[in-house]
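Structure file upload37.txt with compact mmCIF, C-alpha atoms:
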# COMPACT_ATOMS: atom_id res chain seq x y z
CA MET P 15 0.00 0.00 0.00
CA LYS P 16 2.88 2.38 0.73
CA GLU P 17 4.13 1.99 -2.84
CA LEU P 18 0.62 2.44 -4.26
CA LEU P 19 0.07 5.63 -2.26
CA ALA P 20 3.36 7.06 -3.49
CA LYS P 21 2.47 6.11 -7.05
CA TYR P 22 -1.09 7.46 -7.18
CA ASP P 23 -0.98 10.47 -4.83
CA VAL P 24 -1.25 12.95 -7.70
CA PRO P 25 -3.45 16.03 -8.29
CA VAL P 26 -6.93 15.01 -9.50
CA PRO P 27 -10.40 16.57 -9.09
CA ARG P 28 -12.86 15.57 -6.37
CA TYR P 29 -15.55 15.13 -9.03
CA THR P 30 -18.40 16.95 -7.35
CA SER P 31 -19.19 18.05 -10.90
CA TYR P 32 -18.27 17.34 -14.49
CA PRO P 33 -16.85 19.20 -16.25
CA THR P 34 -14.89 20.46 -13.26
CA VAL P 35 -14.90 24.25 -12.84
CA PRO P 36 -11.42 24.86 -14.39
CA ALA P 37 -12.63 23.13 -17.59
CA TRP P 38 -15.81 25.18 -18.01
CA ASP P 39 -16.09 26.75 -21.45
CA GLN P 40 -17.62 29.89 -19.87
CA ASN P 41 -20.05 29.99 -22.78
CA LEU P 42 -23.22 30.69 -20.77
CA GLU P 43 -24.98 34.04 -20.92
CA THR P 44 -27.52 35.01 -18.23
CA ALA P 45 -30.45 34.90 -20.64
CA GLN P 46 -29.54 31.38 -21.71
CA TRP P 47 -29.13 30.32 -18.08
CA VAL P 48 -32.62 31.61 -17.25
CA GLU P 49 -34.00 29.65 -20.20
CA HIS P 50 -32.32 26.50 -18.87
CA VAL P 51 -33.90 27.09 -15.44
CA ARG P 52 -37.31 27.48 -17.10
CA HIS P 53 -36.78 24.33 -19.14
CA SER P 54 -35.80 22.28 -16.08
CA LEU P 55 -39.17 23.10 -14.49
CA LYS P 56 -41.38 22.68 -17.56
CA ASN P 57 -43.03 19.49 -16.29
CA GLU P 58 -45.65 19.93 -13.59
CA ASP P 59 -44.14 17.11 -11.53
CA ALA P 60 -40.65 18.66 -11.56
CA SER P 61 -38.96 19.33 -8.22
CA TRP P 62 -36.01 21.54 -7.35
CA SER P 63 -33.41 22.30 -4.70
CA MET P 64 -32.15 25.61 -3.35
CA TYR P 65 -28.81 26.55 -1.84
CA PHE P 66 -28.01 29.79 0.04
CA HIS P 67 -24.39 30.81 0.45
CA VAL P 68 -23.57 32.95 3.50
CA PRO P 69 -19.89 33.93 3.13
CA PHE P 70 -19.21 35.55 6.51
CA CYS P 71 -17.01 34.02 9.24
CA GLU P 72 -15.86 35.73 12.43
CA SER P 73 -12.44 34.05 12.27
CA LEU P 74 -10.34 32.25 9.68
CA CYS P 75 -9.92 28.49 9.91
CA THR P 76 -6.58 27.98 8.21
CA PHE P 77 -7.61 24.68 6.56
CA CYS P 78 -10.62 26.23 4.83
CA GLY P 79 -10.93 26.32 1.05
CA CYS P 80 -14.37 27.94 0.93
CA ASN P 81 -15.25 31.34 -0.49
CA ASN P 82 -15.58 33.40 2.68
CA ILE P 83 -15.29 36.89 4.15
CA ILE P 84 -13.65 37.21 7.57
CA THR P 85 -15.35 39.86 9.69
CA LYS P 86 -16.90 40.50 13.08
CA ASN P 87 -19.07 43.29 11.64
CA HIS P 88 -22.62 41.99 11.95
CA LYS P 89 -23.95 45.14 10.34
CA LEU P 90 -23.24 43.30 7.10
CA GLU P 91 -26.08 40.90 7.85
CA ASP P 92 -29.02 43.18 7.00
CA PRO P 93 -27.91 44.20 3.51
CA TYR P 94 -26.83 40.66 2.67
CA VAL P 95 -30.24 39.22 3.56
CA ASP P 96 -31.79 41.95 1.41
CA HIS P 97 -29.47 40.90 -1.44
CA LEU P 98 -30.58 37.27 -1.14
CA LEU P 99 -34.22 38.32 -1.22
CA LYS P 100 -33.55 40.60 -4.20
CA GLU P 101 -31.89 37.76 -6.11
CA TRP P 102 -34.81 35.49 -5.26
CA SER P 103 -37.27 38.10 -6.55
CA LEU P 104 -35.32 38.38 -9.83
CA TYR P 105 -35.61 34.63 -10.34
CA LEU P 106 -39.31 34.64 -9.46
CA GLU P 107 -39.90 37.34 -12.03
CA ALA P 108 -37.88 35.52 -14.71
CA VAL P 109 -39.11 31.99 -13.89
CA PRO P 110 -42.68 32.08 -12.46
CA ASP P 111 -42.75 28.27 -12.22
CA LEU P 112 -40.38 28.48 -9.24
CA SER P 113 -43.38 29.42 -7.11
CA LYS P 114 -45.42 26.48 -8.48
CA ARG P 115 -42.98 23.56 -8.55
CA ARG P 116 -42.15 21.62 -5.39
CA LEU P 117 -39.04 22.58 -3.45
CA ARG P 118 -37.55 19.32 -2.19
CA HIS P 119 -34.29 20.40 -0.58
CA LEU P 120 -33.14 23.69 0.98
CA HIS P 121 -29.57 24.03 2.23
CA LEU P 122 -27.64 26.86 3.89
CA GLY P 123 -23.86 26.74 3.58
CA GLY P 124 -20.92 29.05 3.94
CA GLY P 125 -18.91 30.58 5.39
CA THR P 126 -20.89 30.43 8.59
CA PRO P 127 -24.68 30.50 7.99
CA THR P 128 -25.28 31.05 11.71
CA PHE P 129 -23.39 34.33 11.35
CA LEU P 130 -26.95 35.53 10.62
CA SER P 131 -28.96 36.42 13.70
CA GLU P 132 -32.24 34.73 14.56
CA ALA P 133 -34.02 37.92 13.47
CA ASN P 134 -32.43 37.85 10.04
CA LEU P 135 -33.07 34.13 9.64
CA GLU P 136 -36.71 34.85 10.48
CA LYS P 137 -36.84 37.68 7.93
CA LEU P 138 -35.20 35.65 5.18
CA PHE P 139 -37.47 32.61 5.42
CA SER P 140 -40.72 34.34 6.30
CA LEU P 141 -40.48 36.36 3.09
CA MET P 142 -39.04 33.63 0.90
CA PHE P 143 -41.54 30.98 1.95
CA LYS P 144 -44.44 33.13 0.75
CA ASN P 145 -43.60 31.86 -2.74
CA ILE P 146 -42.59 28.28 -2.00
CA VAL P 147 -44.44 24.96 -2.40
CA ARG P 148 -42.82 22.25 -0.30
CA ASP P 149 -42.39 18.74 -1.61
CA ASP P 150 -43.69 15.76 0.38
CA ARG P 151 -40.04 14.65 0.72
CA TRP P 152 -39.06 18.07 2.07
CA GLU P 153 -35.63 18.39 3.63
CA ALA P 154 -34.01 21.56 4.93
CA SER P 155 -30.43 21.52 6.21
CA ILE P 156 -27.84 23.96 7.46
CA GLU P 157 -24.11 23.90 8.17
CA VAL P 158 -23.29 25.43 11.56
CA ASP P 159 -20.22 26.43 13.50
CA PRO P 160 -21.01 25.21 17.05
CA ARG P 161 -18.98 28.11 18.45
CA ARG P 162 -21.25 30.65 16.72
CA THR P 163 -24.66 28.99 17.10
CA ARG P 164 -27.37 29.80 19.61
CA LYS P 165 -30.47 27.90 20.68
CA GLU P 166 -32.59 30.84 19.50
CA GLN P 167 -31.24 30.45 15.96
CA LEU P 168 -31.98 26.74 15.96
CA ALA P 169 -35.53 27.43 17.18
CA VAL P 170 -36.15 29.76 14.22
CA LEU P 171 -34.80 27.17 11.80
CA ARG P 172 -37.09 24.49 13.24
CA LYS P 173 -40.03 26.87 12.93
CA PHE P 174 -39.44 26.98 9.17
CA GLY P 175 -39.10 23.22 8.82
CA PHE P 176 -35.34 22.69 9.03
CA ASN P 177 -34.78 19.05 9.97
CA ARG P 178 -31.08 18.38 9.32
CA ILE P 179 -28.06 20.11 10.83
CA SER P 180 -24.37 19.60 9.99
CA LEU P 181 -21.83 20.59 12.63
CA GLY P 182 -18.35 21.67 11.63
CA VAL P 183 -16.11 19.65 13.97
CA GLN P 184 -12.97 18.81 11.94
CA ASP P 185 -11.02 17.35 14.91
CA PHE P 186 -11.40 17.15 18.70
CA ASP P 187 -7.68 17.38 19.51
CA HIS P 188 -6.75 20.71 21.14
CA GLU P 189 -3.34 21.03 19.45
CA VAL P 190 -4.82 20.36 16.00
CA GLN P 191 -7.57 22.88 16.73
CA ARG P 192 -4.95 25.46 17.77
CA LEU P 193 -3.03 25.05 14.54
CA VAL P 194 -6.14 25.39 12.38
CA ASN P 195 -7.32 28.38 14.48
CA ARG P 196 -10.52 26.69 15.60
CA ILE P 197 -10.62 26.05 19.35
CA GLN P 198 -13.82 24.07 19.88
CA PRO P 199 -14.02 21.98 23.06
CA PHE P 200 -15.99 18.74 22.98
CA GLU P 201 -18.59 20.24 25.34
CA ILE P 202 -19.54 22.92 22.77
CA THR P 203 -20.13 20.33 20.05
CA LYS P 204 -22.08 18.11 22.43
CA GLY P 205 -24.18 21.06 23.61
CA ILE P 206 -25.30 22.04 20.09
CA SER P 207 -25.94 18.39 19.18
CA ASP P 208 -28.15 17.97 22.25
CA GLU P 209 -29.96 21.28 21.64
CA ALA P 210 -30.71 20.36 18.02
CA ARG P 211 -32.12 16.97 18.95
CA ALA P 212 -34.19 18.46 21.79
CA LEU P 213 -35.71 20.92 19.30
CA GLY P 214 -36.71 18.12 16.97
CA PHE P 215 -34.00 18.06 14.29
CA GLU P 216 -34.31 14.60 12.77
CA SER P 217 -30.66 14.33 11.78
CA VAL P 218 -27.46 15.65 13.30
CA ASN P 219 -24.37 15.31 11.09
CA PHE P 220 -20.66 15.92 11.71
CA ASP P 221 -18.01 17.18 9.29
CA LEU P 222 -14.50 15.87 10.04
CA ILE P 223 -11.21 16.34 8.20
CA TYR P 224 -8.21 14.02 8.04
CA GLY P 225 -4.75 15.11 7.01
CA LEU P 226 -4.59 18.26 9.16
CA ALA P 227 -1.42 19.54 10.78
CA LYS P 228 -0.24 17.53 13.78
CA GLN P 229 -2.92 14.86 13.46
CA THR P 230 -1.61 11.52 14.68
CA PRO P 231 -3.04 7.99 14.76
CA GLU P 232 -3.71 8.46 18.47
CA SER P 233 -5.49 11.79 18.06
CA MET P 234 -7.56 10.48 15.14
CA LYS P 235 -8.61 7.45 17.17
CA LYS P 236 -9.71 9.75 19.98
CA THR P 237 -11.62 12.03 17.58
CA ALA P 238 -13.41 8.96 16.16
CA GLU P 239 -14.27 7.72 19.67
CA LEU P 240 -15.71 11.10 20.72
CA THR P 241 -17.65 11.33 17.47
CA ILE P 242 -19.18 7.90 18.02
CA ALA P 243 -20.08 8.88 21.58
CA LEU P 244 -22.33 11.64 20.19
CA LYS P 245 -23.72 9.28 17.50
CA PRO P 246 -24.28 11.65 14.57
CA ASP P 247 -26.56 10.27 11.88
CA ARG P 248 -24.05 11.08 9.15
CA ILE P 249 -20.32 11.69 9.14
CA ALA P 250 -18.46 13.42 6.34
CA LEU P 251 -14.77 12.53 6.62
CA TYR P 252 -13.09 14.81 4.12
CA SER P 253 -9.49 14.71 2.99
CA PHE P 254 -7.71 17.99 3.73
CA ALA P 255 -7.26 19.68 0.37
CA LEU P 256 -3.93 21.48 0.37
CA VAL P 257 -4.34 24.29 -2.16
CA PRO P 258 -2.15 27.19 -0.90
CA TRP P 259 -2.10 28.78 -4.38
CA ILE P 260 -5.85 29.37 -3.89
CA LYS P 261 -5.93 29.81 -0.10
CA PRO P 262 -2.70 31.53 1.09
CA ALA P 263 -3.61 30.98 4.76
CA GLN P 264 -2.69 27.33 4.24
CA ARG P 265 0.93 28.44 3.90
CA LEU P 266 0.89 28.95 7.67
CA PHE P 267 1.31 25.19 8.01
CA LYS P 268 4.82 23.82 8.08
CA ASP P 269 5.33 21.01 5.60
CA GLU P 270 6.68 18.76 8.33
CA ASP P 271 3.46 19.24 10.35
CA LEU P 272 1.29 17.72 7.60
CA PRO P 273 0.99 13.92 7.34
CA LYS P 274 2.34 12.51 4.07
CA ALA P 275 0.32 10.22 1.78
CA GLU P 276 0.83 6.96 3.68
CA GLU P 277 0.40 8.61 7.08
CA LYS P 278 -2.63 10.54 5.86
CA ARG P 279 -4.39 7.46 4.51
CA LYS P 280 -3.71 5.66 7.79
CA LEU P 281 -5.67 8.40 9.59
CA TYR P 282 -8.66 7.71 7.33
CA GLU P 283 -8.42 3.96 7.90
CA ILE P 284 -8.30 4.42 11.69
CA ALA P 285 -11.50 6.48 11.63
CA ARG P 286 -13.11 4.21 9.03
CA GLU P 287 -12.48 1.10 11.11
CA ALA P 288 -13.93 2.77 14.21
CA PHE P 289 -17.06 3.95 12.38
CA LEU P 290 -17.71 0.60 10.71
CA LYS P 291 -17.26 -1.18 14.04
CA ALA P 292 -19.81 1.22 15.55
CA GLY P 293 -22.37 0.22 12.91
CA TYR P 294 -21.97 2.97 10.31
CA VAL P 295 -22.16 2.24 6.58
CA GLU P 296 -19.42 3.63 4.33
CA ILE P 297 -20.86 5.83 1.57
CA GLY P 298 -18.74 6.54 -1.50
CA MET P 299 -15.32 8.01 -0.89
CA ASP P 300 -15.80 10.24 2.16
CA HIS P 301 -19.16 9.69 3.93
CA PHE P 302 -20.56 7.38 6.60
CA ALA P 303 -24.15 6.97 7.75
CA LEU P 304 -26.22 4.94 10.17
CA PRO P 305 -28.02 2.09 8.38
CA THR P 306 -31.38 3.80 8.93
CA ASP P 307 -30.23 7.08 7.39
CA GLY P 308 -31.38 8.22 3.95
CA LEU P 309 -27.85 8.04 2.50
CA ALA P 310 -27.43 4.41 3.46
CA GLN P 311 -30.88 3.58 2.11
CA ALA P 312 -30.17 5.45 -1.14
CA MET P 313 -26.92 3.57 -1.65
CA LYS P 314 -28.77 0.31 -1.07
CA ASN P 315 -31.56 1.04 -3.56
CA GLY P 316 -29.43 2.79 -6.19
CA GLY P 317 -30.69 6.31 -5.52
CA LEU P 318 -27.46 7.84 -4.25
CA HIS P 319 -26.39 11.11 -5.90
CA ARG P 320 -23.40 13.47 -5.69
CA ASN P 321 -23.30 17.20 -6.40
CA PHE P 322 -21.47 20.34 -5.27
CA MET P 323 -22.65 19.71 -1.70
CA GLY P 324 -21.34 16.13 -1.57
CA TYR P 325 -23.29 12.87 -1.40
CA THR P 326 -27.05 13.21 -1.10
CA ASP P 327 -30.24 11.19 -1.45
CA GLN P 328 -31.99 14.22 -2.95
CA ARG P 329 -31.80 14.52 -6.74
CA THR P 330 -33.88 17.17 -8.49
CA GLU P 331 -34.19 18.74 -11.92
CA LEU P 332 -32.74 22.03 -10.70
CA LEU P 333 -30.26 23.13 -8.05
CA LEU P 334 -30.60 26.91 -7.70
CA ALA P 335 -27.87 28.64 -5.68
CA LEU P 336 -28.36 32.15 -4.32
CA GLY P 337 -25.70 34.34 -2.77
CA VAL P 338 -22.17 35.35 -3.63
CA SER P 339 -20.23 32.58 -5.48
CA GLY P 340 -23.18 30.12 -5.42
CA ILE P 341 -23.07 27.39 -8.10
CA SER P 342 -26.32 26.24 -9.71
CA GLU P 343 -27.05 23.28 -11.94
CA THR P 344 -29.60 22.15 -14.51
CA PRO P 345 -29.34 19.13 -16.83
CA GLU P 346 -28.16 21.57 -19.51
CA SER P 347 -25.62 23.73 -17.70
CA PHE P 348 -23.74 24.98 -14.65
CA HIS P 349 -23.94 28.61 -13.49
CA GLN P 350 -21.85 30.46 -10.90
CA ASN P 351 -22.67 33.76 -9.23
CA GLU P 352 -20.20 36.61 -8.96
CA LYS P 353 -17.59 35.74 -6.28
CA VAL P 354 -16.67 39.28 -5.21
CA LEU P 355 -19.29 40.79 -2.87
CA PRO P 356 -19.24 44.40 -4.20
CA LYS P 357 -19.64 43.15 -7.79
CA TYR P 358 -22.44 40.80 -6.69
CA GLU P 359 -24.16 43.74 -5.00
CA GLN P 360 -23.67 45.98 -8.05
CA LEU P 361 -25.29 43.52 -10.44
CA LEU P 362 -28.27 43.06 -8.14
CA GLY P 363 -28.57 46.84 -7.83
CA GLU P 364 -28.82 46.98 -11.62
CA GLY P 365 -31.63 44.42 -11.53
CA LYS P 366 -29.46 41.66 -13.01
CA ILE P 367 -28.98 38.05 -12.01
CA PRO P 368 -25.33 38.13 -10.78
CA THR P 369 -23.72 35.80 -13.32
CA LEU P 370 -19.95 35.33 -13.13
CA LYS P 371 -19.48 32.35 -15.44
CA GLY P 372 -21.03 29.09 -16.53
CA HIS P 373 -20.87 26.10 -18.79
CA VAL P 374 -23.29 24.64 -21.32
CA HIS P 375 -23.02 20.85 -21.42
CA THR P 376 -22.27 19.05 -24.63
CA GLU P 377 -23.84 15.66 -25.23
CA MET P 378 -20.48 14.11 -24.37
CA ASP P 379 -20.33 16.09 -21.09
CA ARG P 380 -23.70 14.63 -20.07
CA LYS P 381 -22.62 11.09 -20.89
CA ARG P 382 -19.35 11.36 -19.00
CA TRP P 383 -20.96 13.04 -15.98
CA ALA P 384 -23.52 10.22 -15.82
CA GLN P 385 -20.70 7.66 -15.88
CA ILE P 386 -18.70 9.47 -13.19
CA LEU P 387 -21.79 9.76 -10.99
CA LYS P 388 -22.45 6.04 -11.35
CA PHE P 389 -18.83 5.23 -10.55
CA VAL P 390 -18.60 7.39 -7.41
CA THR P 391 -21.92 6.13 -6.04
CA ALA P 392 -21.87 2.43 -7.01
CA PHE P 393 -18.14 1.72 -7.62
CA GLU P 394 -18.92 0.22 -11.00
CA VAL P 395 -20.05 1.58 -14.34
CA GLU P 396 -20.75 0.29 -17.83
CA LEU P 397 -18.36 1.42 -20.54
CA GLU P 398 -19.39 2.32 -24.05
CA LYS P 399 -18.04 -0.03 -26.69
CA ASP P 400 -15.47 2.45 -27.97
CA GLN P 401 -14.23 3.18 -24.42
CA ILE P 402 -13.08 -0.36 -23.63
CA GLY P 403 -9.74 -0.25 -25.43
CA ASP P 404 -9.03 3.26 -24.14
CA ALA P 405 -9.80 2.17 -20.58
CA ASP P 406 -7.41 -0.76 -20.87
CA ARG P 407 -4.66 1.63 -21.99
CA PHE P 408 -5.33 4.60 -19.69
CA LEU P 409 -5.93 2.44 -16.60
CA SER P 410 -3.32 -0.17 -17.42
CA GLU P 411 -1.32 0.49 -14.25
CA MET P 412 -4.43 0.46 -12.04
CA LEU P 413 -5.56 -2.78 -13.70
CA LYS P 414 -2.12 -4.31 -13.18
CA ASP P 415 -2.06 -3.19 -9.53
CA GLY P 416 -5.50 -4.73 -8.89
CA LEU P 417 -7.19 -1.42 -8.10
CA VAL P 418 -9.79 -1.74 -10.86
CA VAL P 419 -11.01 -4.67 -12.91
CA ARG P 420 -12.81 -4.80 -16.22
CA ASP P 421 -15.53 -7.41 -16.39
CA GLY P 422 -16.68 -7.37 -19.99
CA SER P 423 -18.05 -3.88 -20.56
CA PHE P 424 -18.14 -3.06 -16.83
CA LEU P 425 -15.39 -1.21 -15.01
CA LYS P 426 -15.32 -1.94 -11.27
CA MET P 427 -13.33 -0.65 -8.31
CA THR P 428 -11.89 -3.35 -6.10
CA GLU P 429 -11.89 -3.06 -2.32
CA LYS P 430 -8.15 -2.48 -2.54
CA GLY P 431 -8.70 0.26 -5.10
CA LYS P 432 -11.31 2.36 -3.28
CA PRO P 433 -8.74 4.82 -1.87
CA PHE P 434 -7.88 5.61 -5.50
CA LEU P 435 -11.40 6.23 -6.80
CA ARG P 436 -10.58 9.79 -7.85
CA ASN P 437 -7.66 8.51 -9.92
CA ALA P 438 -9.88 6.03 -11.73
CA CYS P 439 -12.52 8.70 -12.41
CA ALA P 440 -9.91 10.67 -14.33
CA PHE P 441 -10.31 8.15 -17.15
CA PHE P 442 -13.77 9.59 -17.90
CA ASP P 443 -12.51 13.18 -17.60
CA GLU P 444 -11.79 13.78 -21.26
CA ARG P 445 -11.54 17.54 -20.71
CA LEU P 446 -8.77 17.12 -18.12
CA ARG P 447 -6.93 14.77 -20.45
CA GLU P 448 -7.18 17.37 -23.23
CA MET P 449 -6.10 20.24 -20.93
CA LYS P 450 -2.90 18.54 -19.72
CA PRO P 451 -2.40 21.34 -17.16
CA HIS P 452 1.20 22.49 -16.72
CA SER P 453 0.61 23.73 -13.17
CA GLN P 454 -1.20 22.16 -10.24
CA ILE P 455 -4.88 23.17 -10.11
CA PHE P 456 -6.32 20.34 -7.98
CA SER P 457 -5.45 18.92 -4.57
CA LYS P 458 -3.73 15.53 -4.42
CA SER P 459 -5.90 12.41 -4.47
CA ILE P 460 -4.92 10.98 -1.07
Is it possible to express this structure as C-alpha cells?
Amino acid sequence: MKELLAKYDVPVPRYTSYPTVPAWDQNLETAQWVEHVRHSLKNEDASWSMYFHVPFCESLCTFCGCNNIITKNHKLEDPYVDHLLKEWSLYLEAVPDLSKRRLRHLHLGGGTPTFLSEANLEKLFSLMFKNIVRDDRWEASIEVDPRRTRKEQLAVLRKFGFNRISLGVQDFDHEVQRLVNRIQPFEITKGISDEARALGFESVNFDLIYGLAKQTPESMKKTAELTIALKPDRIALYSFALVPWIKPAQRLFKDEDLPKAEEKRKLYEIAREAFLKAGYVEIGMDHFALPTDGLAQAMKNGGLHRNFMGYTDQRTELLLALGVSGISETPESFHQNEKVLPKYEQLLGEGKIPTLKGHVHTEMDRKRWAQILKFVTAFEVELEKDQIGDADRFLSEMLKDGLVVRDGSFLKMTEKGKPFLRNACAFFDERLREMKPHSQIFSKSI
C-alpha cells in the first residue's frame, strides 16, 4: 500500500461536478441560463433544490478552502439578507414556475450560515416561503459552526421546517484545533448536538477532516471515539485539500506538520475502522451513515447522488444557488454567481442576475458526468463499446495493480482500489486529459 500511495498520490479533481470548474467553457450568458432554469421546471411534476451561500465568518480556519469573508461586523447581515431576497425576486420574475414547482431540498452553507442572527433568519425565510411549495419529501439543512450557534437560531430554523443540521467539527484534539485556528471543546459540540435533537432536528451530522497539521493515529482514534459517543446520523470525513495557491492561509502550516500520503491514509483507515465497528455504513469516498439514514438507504436502492454539496439522497431537476459565489445546476448547464461581494451587489442593484461564469453541457459532457456519478456512487459503471480499449490503456497500471477490474463492458473498483477512486474517475474526464495542465490546479488524491 505504501508503494501504491506514493504512485497514485497525484493532483486530481474531487468530481463533485463534471466538467470540473477549471474546464468550463464559460459559454453561458444570463439569458440562456434563465432559459435552462425554465426548461428544467417545464413538467408539472418537476422538483427543485435551493442553496443559500452565506460567506461571513468571524475568524479564519486555516484549513478552509471555501469562499468566505472574515469579519466581526454583523452590520453586514441586514444588507446581505436583502441581497438574497432581491436575487430570489429576480428569479421569481424571470421563472414564475419556481413558485409552483415543489421545493424538495433547501440548504444553507458558507462561510458560517449562523453568522446571521435569529431575526435575520426569520426575515429571510418568512419572506421567501411566501412563494414556496414544499415537496412531500421536504428536507431543509444547514451547516453550523457550534462556536457561533445559539439555541434561539436553531428554534427559528425548526419553525421553518429545518430538519437536518451539519456541525463543523474537523477534529477534537486541542493542538490540532490550535493550529487550524478553531478552538472548539468537545462540550460545545455536544451542547449544540443535544440542543438540536431536543428541538426536533431529525438528523445531526458531523463534518471531520483528516490530514490536518499535527494529526496523529492516536489523536484520530480519539476524535473517532468522541464522534461515536455523540452518535451523529451522518459523518463526512473529508481529505484535507492542500491548495495554498488558492488559499494563502494554508501556507501557515509547516510542511513537516502535515501527514504525508501513507500517514494521511492511515488516519482515514483508523476512523473508518472505528465507524464501521460502531455500525456505520461507508458511503462513497468520504461519507458514513447509520443504516437507517437516507444516504445508506439510497446507496442500497441505487438512488445515491453526488453534487457540489457532496453525497445526497436528494436529486432534483434544478439546483438553484443564491448568494455570492453560489453554483447552480440544470441538466443543460452549470452557473456560478459573482464571487466578489461588491460586484455581486452591483449587479443586483442593476436588476441583473449576478452571473460570473457558466458552462453549457455538450452531449459528451452529459454522458461522461452520468458515468462518473455512477462510478462514485456504485463503484462500477458500464463502458461504451469504444471506451473499452481506451480504458485498458489509460488504466493499465491500475488494472495491473489490482485497483480496478474490467468485467466485460463493466469497469469496477476493487476493495483495494477504493482509496484511488478519484484517480480512476480521471479516465472519464476527457476535458482534463485534453487540458494537460502544466501547473497544479487540484489537490492531491490521497
Non-local contacts of segment 184-193 of chain P (8 Å; only C-alpha atoms; under 6 positions in same chain excluded) as an NGL selection string: :P and (76 or 199-200 or 221-224 or 226-229 or 233-234 or 236-237 or 240 or 267)
Computed interatomic separation between atom CA of Val374 of chain P and atom CA of Pro345 of chain P (Å): 9.3 Å
Distance query segment 141-157 of chain P at most 7 Å, all atoms listed in the file, self and fewer than 2 positions along chain excluded, as a list in words: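 Listing them by chain and then by number gives Ser113, Lys114, Arg115, Arg116, Leu117, Arg118, His119, Leu120, His121, Leu122, Gly123, Pro127, Lys137, Leu138, Phe139, Gly175, Phe176, Asn177, Arg178, Ile179, Ser180 and Leu181 of chain P.
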Residue contacts of segment 364-373 of chain P (7 Å, all atoms listed in the file) excluding same-chain residues fewer than 4 positions away, as a PyMOL selection string: chain P and resi 38-42+44+101+104+347-352+358+360
Separation of atom CA of Pro33 of chain P from atom CA of Asp400 of chain P in Å: 20.5 Å
